[in-house]
Every structure is written in structure tokens, then in C-alpha cells.
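> Here you go, final.pdb (PDB, C-alpha atoms, pLDDT in the B column):
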```pdb
ATOM      1  CA  GLU T 849       0.000   0.000   0.000  1.00 52.00           C
ATOM      2  CA  ALA T 850       3.066   2.203  -0.159  1.00 56.00           C
ATOM      3  CA  ASN T 851       2.592   3.159  -3.815  1.00 62.00           C
ATOM      4  CA  THR T 852      -1.142   3.567  -4.395  1.00 67.00           C
ATOM      5  CA  LEU T 853      -0.743   6.419  -6.891  1.00 73.00           C
ATOM      6  CA  ARG T 854       0.166   4.029  -9.702  1.00 78.00           C
ATOM      7  CA  GLU T 855      -2.612   1.498  -9.187  1.00 81.00           C
ATOM      8  CA  SER T 856      -5.614   1.422 -11.470  1.00 84.00           C
ATOM      9  CA  VAL T 857      -8.920   2.983 -10.496  1.00 83.00           C
ATOM     10  CA  ALA T 858     -10.565  -0.449 -10.404  1.00 87.00           C
ATOM     11  CA  ALA T 859      -7.905  -1.759  -8.000  1.00 85.00           C
ATOM     12  CA  SER T 860      -8.256   1.312  -5.787  1.00 82.00           C
ATOM     13  CA  VAL T 861     -12.070   1.058  -5.655  1.00 84.00           C
ATOM     14  CA  GLY T 862     -11.827  -2.680  -4.958  1.00 86.00           C
ATOM     15  CA  ARG T 863      -9.389  -2.073  -2.101  1.00 83.00           C
ATOM     16  CA  GLU T 864     -11.619   0.611  -0.585  1.00 83.00           C
ATOM     17  CA  LEU T 865     -14.768  -1.532  -0.889  1.00 84.00           C
ATOM     18  CA  GLY T 866     -12.936  -4.406   0.773  1.00 84.00           C
ATOM     19  CA  GLY T 867     -12.101  -2.100   3.679  1.00 82.00           C
ATOM     20  CA  VAL T 868     -15.717  -0.942   3.907  1.00 84.00           C
ATOM     21  CA  GLY T 869     -16.852  -4.577   4.038  1.00 83.00           C
ATOM     22  CA  ALA T 870     -14.351  -5.454   6.776  1.00 82.00           C
ATOM     23  CA  LYS T 871     -15.435  -2.456   8.852  1.00 83.00           C
ATOM     24  CA  MET T 872     -19.114  -3.362   8.391  1.00 83.00           C
ATOM     25  CA  VAL T 873     -18.421  -6.838   9.773  1.00 81.00           C
ATOM     26  CA  ALA T 874     -16.324  -5.458  12.639  1.00 79.00           C
ATOM     27  CA  VAL T 875     -19.017  -2.993  13.740  1.00 78.00           C
ATOM     28  CA  LEU T 876     -22.162  -5.052  13.130  1.00 79.00           C
ATOM     29  CA  LEU T 877     -20.780  -8.391  14.366  1.00 79.00           C
ATOM     30  CA  PRO T 878     -18.249  -7.457  17.090  1.00 75.00           C
ATOM     31  CA  VAL T 879     -17.881 -11.055  18.318  1.00 74.00           C
ATOM     32  CA  CYS T 880     -17.080 -12.356  14.826  1.00 66.00           C
ATOM     33  CA  PRO T 881     -13.301 -12.694  14.297  1.00 62.00           C
ATOM     34  CA  VAL T 882     -11.810 -10.326  11.748  1.00 57.00           C
ATOM     35  CA  LYS T 883      -8.427 -10.910  10.101  1.00 60.00           C
ATOM     36  CA  GLU T 884      -6.765  -7.816  11.509  1.00 56.00           C
ATOM     37  CA  GLY T 885      -8.656  -7.832  14.811  1.00 50.00           C
ATOM     38  CA  ASP T 886      -9.129  -4.450  16.443  1.00 58.00           C
ATOM     39  CA  ARG T 887      -6.827  -2.730  13.963  1.00 71.00           C
ATOM     40  CA  VAL T 888      -9.524  -2.726  11.280  1.00 72.00           C
ATOM     41  CA  LEU T 889     -11.273   0.162  13.062  1.00 70.00           C
ATOM     42  CA  ALA T 890      -8.032   1.961  13.914  1.00 73.00           C
ATOM     43  CA  ASP T 891      -7.580   2.588  10.175  1.00 77.00           C
ATOM     44  CA  PHE T 892     -10.712   4.702   9.840  1.00 80.00           C
ATOM     45  CA  ASP T 893     -12.334   5.804   6.627  1.00 83.00           C
ATOM     46  CA  LEU T 894     -15.318   7.975   5.860  1.00 85.00           C
ATOM     47  CA  TRP T 895     -16.438   6.265   2.643  1.00 84.00           C
ATOM     48  CA  GLY T 896     -18.775   3.809   4.346  1.00 86.00           C
ATOM     49  CA  PRO T 897     -20.430   6.338   6.672  1.00 88.00           C
ATOM     50  CA  THR T 898     -20.924   8.725   3.747  1.00 88.00           C
ATOM     51  CA  ILE T 899     -22.499   6.008   1.605  1.00 88.00           C
ATOM     52  CA  PHE T 900     -24.886   4.946   4.363  1.00 88.00           C
ATOM     53  CA  LEU T 901     -25.785   8.540   5.254  1.00 88.00           C
ATOM     54  CA  LEU T 902     -26.629   9.295   1.623  1.00 87.00           C
ATOM     55  CA  LEU T 903     -28.561   6.017   1.313  1.00 88.00           C
ATOM     56  CA  ALA T 904     -30.683   6.880   4.367  1.00 86.00           C
ATOM     57  CA  ALA T 905     -31.202  10.477   3.221  1.00 86.00           C
ATOM     58  CA  GLY T 906     -32.107   9.431  -0.311  1.00 85.00           C
ATOM     59  CA  SER T 907     -34.572   6.860   0.970  1.00 85.00           C
ATOM     60  CA  MET T 908     -36.199   9.438   3.252  1.00 83.00           C
ATOM     61  CA  VAL T 909     -36.446  12.025   0.497  1.00 84.00           C
ATOM     62  CA  LEU T 910     -37.990   9.575  -1.963  1.00 84.00           C
ATOM     63  CA  SER T 911     -40.474   8.160   0.556  1.00 79.00           C
ATOM     64  CA  GLN T 912     -41.769  11.580   1.684  1.00 77.00           C
ATOM     65  CA  ASN T 913     -42.424  14.866  -0.080  1.00 70.00           C
ATOM     66  CA  TYR T 914     -39.594  16.937   1.330  1.00 70.00           C
ATOM     67  CA  SER T 915     -39.114  20.324  -0.251  1.00 72.00           C
ATOM     68  CA  SER T 916     -35.333  20.208  -0.065  1.00 77.00           C
ATOM     69  CA  THR T 917     -32.981  17.255  -0.257  1.00 79.00           C
ATOM     70  CA  ALA T 918     -30.222  19.382   1.265  1.00 82.00           C
ATOM     71  CA  THR T 919     -32.326  19.904   4.396  1.00 84.00           C
ATOM     72  CA  VAL T 920     -32.652  16.152   4.988  1.00 84.00           C
ATOM     73  CA  VAL T 921     -28.948  15.503   4.352  1.00 84.00           C
ATOM     74  CA  GLY T 922     -28.039  18.457   6.579  1.00 88.00           C
ATOM     75  CA  HIS T 923     -30.207  17.235   9.438  1.00 88.00           C
ATOM     76  CA  LEU T 924     -28.815  13.707   9.251  1.00 87.00           C
ATOM     77  CA  LEU T 925     -25.234  14.964   9.020  1.00 88.00           C
ATOM     78  CA  SER T 926     -25.703  17.353  11.967  1.00 92.00           C
ATOM     79  CA  LEU T 927     -27.251  14.585  14.045  1.00 91.00           C
ATOM     80  CA  MET T 928     -24.380  12.241  13.219  1.00 90.00           C
ATOM     81  CA  MET T 929     -21.715  14.845  14.001  1.00 91.00           C
ATOM     82  CA  ALA T 930     -23.361  15.892  17.283  1.00 94.00           C
ATOM     83  CA  ASN T 931     -23.651  12.274  18.410  1.00 93.00           C
ATOM     84  CA  SER T 932     -20.049  11.605  17.384  1.00 92.00           C
ATOM     85  CA  LEU T 933     -18.900  14.595  19.402  1.00 94.00           C
ATOM     86  CA  ILE T 934     -20.799  13.403  22.486  1.00 95.00           C
ATOM     87  CA  ILE T 935     -19.350   9.907  22.181  1.00 92.00           C
ATOM     88  CA  TYR T 936     -15.854  11.319  21.575  1.00 94.00           C
ATOM     89  CA  VAL T 937     -16.005  13.547  24.669  1.00 95.00           C
ATOM     90  CA  ASN T 938     -17.263  10.647  26.791  1.00 95.00           C
ATOM     91  CA  SER T 939     -14.542   8.344  25.488  1.00 92.00           C
ATOM     92  CA  ARG T 940     -11.849  10.965  26.182  1.00 93.00           C
ATOM     93  CA  LEU T 941     -13.172  11.392  29.720  1.00 95.00           C
ATOM     94  CA  LEU T 942     -12.768   7.627  30.110  1.00 94.00           C
ATOM     95  CA  GLU T 943      -9.171   7.993  28.862  1.00 91.00           C
ATOM     96  CA  SER T 944      -9.697   6.284  25.531  1.00 87.00           C
ATOM     97  CA  ARG T 945      -7.247   6.863  22.691  1.00 86.00           C
ATOM     98  CA  MET T 946      -9.997   6.949  20.064  1.00 86.00           C
ATOM     99  CA  SER T 947      -9.838   9.921  17.703  1.00 89.00           C
ATOM    100  CA  PHE T 948     -12.847  11.982  16.657  1.00 91.00           C
ATOM    101  CA  LEU T 949     -12.769  10.643  13.098  1.00 90.00           C
ATOM    102  CA  GLN T 950     -12.655   7.068  14.406  1.00 88.00           C
ATOM    103  CA  THR T 951     -15.796   7.899  16.391  1.00 90.00           C
ATOM    104  CA  VAL T 952     -17.467   9.259  13.250  1.00 90.00           C
ATOM    105  CA  CYS T 953     -16.426   6.118  11.359  1.00 87.00           C
ATOM    106  CA  VAL T 954     -17.789   3.689  13.967  1.00 85.00           C
ATOM    107  CA  LEU T 955     -21.031   5.634  14.390  1.00 88.00           C
ATOM    108  CA  GLY T 956     -21.442   5.830  10.618  1.00 88.00           C
ATOM    109  CA  TYR T 957     -21.067   2.083  10.251  1.00 86.00           C
ATOM    110  CA  ALA T 958     -23.417   1.546  13.197  1.00 86.00           C
ATOM    111  CA  SER T 959     -26.081   3.494  11.260  1.00 87.00           C
ATOM    112  CA  ILE T 960     -26.290   0.721   8.642  1.00 87.00           C
ATOM    113  CA  PRO T 961     -29.513  -0.721  10.156  1.00 87.00           C
ATOM    114  CA  ILE T 962     -31.126   2.738  10.002  1.00 86.00           C
ATOM    115  CA  ALA T 963     -30.170   3.117   6.338  1.00 87.00           C
ATOM    116  CA  LEU T 964     -31.466  -0.357   5.541  1.00 86.00           C
ATOM    117  CA  ALA T 965     -34.730   0.307   7.405  1.00 87.00           C
ATOM    118  CA  ALA T 966     -35.215   3.558   5.458  1.00 85.00           C
ATOM    119  CA  LEU T 967     -34.573   1.680   2.220  1.00 87.00           C
ATOM    120  CA  ALA T 968     -37.018  -1.078   3.228  1.00 88.00           C
ATOM    121  CA  ALA T 969     -39.671   1.540   4.086  1.00 84.00           C
ATOM    122  CA  LEU T 970     -39.172   3.048   0.649  1.00 83.00           C
ATOM    123  CA  LEU T 971     -39.556  -0.288  -1.117  1.00 85.00           C
ATOM    124  CA  LEU T 972     -42.541  -1.430   0.925  1.00 83.00           C
TER     125      LEU T 972
END
```
Let me see the file written as C-alpha cells.


Amino acid sequence: EANTLRESVAASVGRELGGVGAKMVAVLLPVCPVKEGDRVLADFDLWGPTIFLLLAAGSMVLSQNYSSTATVVGHLLSLMMANSLIIYVNSRLLESRMSFLQTVCVLGYASIPIALAALAALLL
């Protein structure tokens, strides 16, 4: 992973999607063994949380008659950031070494059931 500038776009997307899948398993099934163990969440990314936030927002916009898509995305993003900040402050008070972006990453992956429920409500 030292020279990722010369890899193809397909290889880069495949590598990122593999990381998103590993983080989904690590967050949703914490007792399931993962290859890298706890280190899979130490290498945070924001691709997965962004995808699931946009999936939930898109499902909500399509299922209701909202006047502005930006309002729904803004509300969901503000809620996610505020909750991440609260969890980060609590974890720092408990002397955790978790960074703020790691908190955003874990909370974003933990919102997968909400995104899937919004998608199911849209389809049903």
C-alpha cells in the first residue's frame, strides 16, 4: 500500500470496498473474528459512513415529499456529528485513545440498520 498512486482505479475502488466490508463486519458483528482484529477500526475511513448517510437520506427524500434534499442531508449529518462529538467527549473522559474521526467512522457504520430500514420503508 506504499505506492497507491500508480494502481488502477478499479484496483483502488476494490481495495476501498474491501475495507468498507471489513469495517461493516467489525461494527455489526463485534464477536465475529476479523483478520486484523481491532486494527480494522483503527484505520478509519469515511467512505462507508458517507455512503450509508446518503442512502438513508435518499430513501427518506424519496419516501416523503420533502421540499429540499439538502435539508434532509443536513439534518442527518448534523445529528451524526453531534452524536459523534458526544461519544468522543465521553470516550476521552474515560481515557480512551480513540480519535474523533474514528468515532465518526464507527457511528457511521453503526447506522447501517437505520439506512437499511429507510430503504425497506421506501420499497414497501

> How big is the axis-aligned box around the listed atoms of region 861-869 of chain T once 8 Å is added on each side, and where is its centre? Give both in Å to one decimal, as lines of an AutoDock Vina configuration file.


```
center_x = -13.1
center_y = -1.8
center_z = -0.8
size_x = 23.5
size_y = 21.6
size_z = 25.7
```

> One number please: CA of His923 (chain T) to CA of Asp893 (chain T), in Å, one decimal.

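Going from CA of His923 (chain T) over to CA of Asp893 (chain T), I get 21.4 Å.
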
> Figure out the distance between CA of Ala905 (chain T) and CA of Gly922 (chain T), please, to one decimal in Å.

9.2 Å

> Go through T:Thr917, T:Ala958, T:Lys871, T:Gly906 one by one, measure the shortest atom-to-atom distance of each to Asn931 (chain T) using all atoms listed in the file, and give the residue with the smallest value.

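Counting all atoms listed in the file, the residue closest to Asn931 (chain T) is T:Ala958.
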
> Take the point (-17.1, 6.9, 14.8) as written in the file and pick out every residue within 12 Å of it, counting all atoms listed in the file; give the list as a PDB file with C-alpha atoms, keeping the file's coordinate frame.


```
ATOM      1  CA  LYS T 871     -15.435  -2.456   8.852  1.00 83.00           C
ATOM      2  CA  VAL T 875     -19.017  -2.993  13.740  1.00 78.00           C
ATOM      3  CA  LEU T 889     -11.273   0.162  13.062  1.00 70.00           C
ATOM      4  CA  ALA T 890      -8.032   1.961  13.914  1.00 73.00           C
ATOM      5  CA  ASP T 891      -7.580   2.588  10.175  1.00 77.00           C
ATOM      6  CA  PHE T 892     -10.712   4.702   9.840  1.00 80.00           C
ATOM      7  CA  ASP T 893     -12.334   5.804   6.627  1.00 83.00           C
ATOM      8  CA  LEU T 894     -15.318   7.975   5.860  1.00 85.00           C
ATOM      9  CA  GLY T 896     -18.775   3.809   4.346  1.00 86.00           C
ATOM     10  CA  PRO T 897     -20.430   6.338   6.672  1.00 88.00           C
ATOM     11  CA  THR T 898     -20.924   8.725   3.747  1.00 88.00           C
ATOM     12  CA  MET T 928     -24.380  12.241  13.219  1.00 90.00           C
ATOM     13  CA  MET T 929     -21.715  14.845  14.001  1.00 91.00           C
ATOM     14  CA  ALA T 930     -23.361  15.892  17.283  1.00 94.00           C
ATOM     15  CA  ASN T 931     -23.651  12.274  18.410  1.00 93.00           C
ATOM     16  CA  SER T 932     -20.049  11.605  17.384  1.00 92.00           C
ATOM     17  CA  LEU T 933     -18.900  14.595  19.402  1.00 94.00           C
ATOM     18  CA  ILE T 934     -20.799  13.403  22.486  1.00 95.00           C
ATOM     19  CA  ILE T 935     -19.350   9.907  22.181  1.00 92.00           C
ATOM     20  CA  TYR T 936     -15.854  11.319  21.575  1.00 94.00           C
ATOM     21  CA  VAL T 937     -16.005  13.547  24.669  1.00 95.00           C
ATOM     22  CA  SER T 939     -14.542   8.344  25.488  1.00 92.00           C
ATOM     23  CA  MET T 946      -9.997   6.949  20.064  1.00 86.00           C
ATOM     24  CA  SER T 947      -9.838   9.921  17.703  1.00 89.00           C
ATOM     25  CA  PHE T 948     -12.847  11.982  16.657  1.00 91.00           C
ATOM     26  CA  LEU T 949     -12.769  10.643  13.098  1.00 90.00           C
ATOM     27  CA  GLN T 950     -12.655   7.068  14.406  1.00 88.00           C
ATOM     28  CA  THR T 951     -15.796   7.899  16.391  1.00 90.00           C
ATOM     29  CA  VAL T 952     -17.467   9.259  13.250  1.00 90.00           C
ATOM     30  CA  CYS T 953     -16.426   6.118  11.359  1.00 87.00           C
ATOM     31  CA  VAL T 954     -17.789   3.689  13.967  1.00 85.00           C
ATOM     32  CA  LEU T 955     -21.031   5.634  14.390  1.00 88.00           C
ATOM     33  CA  GLY T 956     -21.442   5.830  10.618  1.00 88.00           C
ATOM     34  CA  TYR T 957     -21.067   2.083  10.251  1.00 86.00           C
ATOM     35  CA  ALA T 958     -23.417   1.546  13.197  1.00 86.00           C
ATOM     36  CA  SER T 959     -26.081   3.494  11.260  1.00 87.00           C
TER      37      SER T 959
END
```

> How many Å separate CA of Val879 (chain T) from CA of Ala965 (chain T)?

23.1 Å

> Starting from the PyMOL selection byres ((chain T and resi 904) around 10), expand the selection into actual residues of this file and give them as a list of chain:residue names.

T:Thr898, T:Ile899, T:Phe900, T:Leu901, T:Leu902, T:Leu903, T:Ala905, T:Gly906, T:Ser907, T:Met908, T:Val909, T:Val920, T:Val921, T:Leu924, T:Ser959, T:Ile960, T:Pro961, T:Ile962, T:Ala963, T:Leu964, T:Ala965, T:Ala966, T:Leu967

> With only C-alpha atoms as the basis for distance, which of T:Leu910, T:Leu925, T:Leu942, T:Ala858 is at the shortest distance from Ala969 (chain T)?

T:Leu910

> Looking at T:Ser911, T:Leu927, T:Ser944, T:Thr919, which one is nearest to Leu972 (chain T), with distances taken over all atoms listed in the file?

T:Ser911

> Using all atoms listed in the file, which residue out of T:Ser926, T:Pro878, T:Trp895, T:Arg887 lies closest to Gly866 (chain T)?

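Of the candidates, the smallest distance to Gly866 (chain T) is held by T:Trp895.
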
> Calculated over all atoms listed in the file, which of the candidates T:Val888, T:Ala968, T:Glu943, T:Val857 has the smallest distance to Gly869 (chain T)?

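Smallest distance to Gly869 (chain T) is found for T:Val888.
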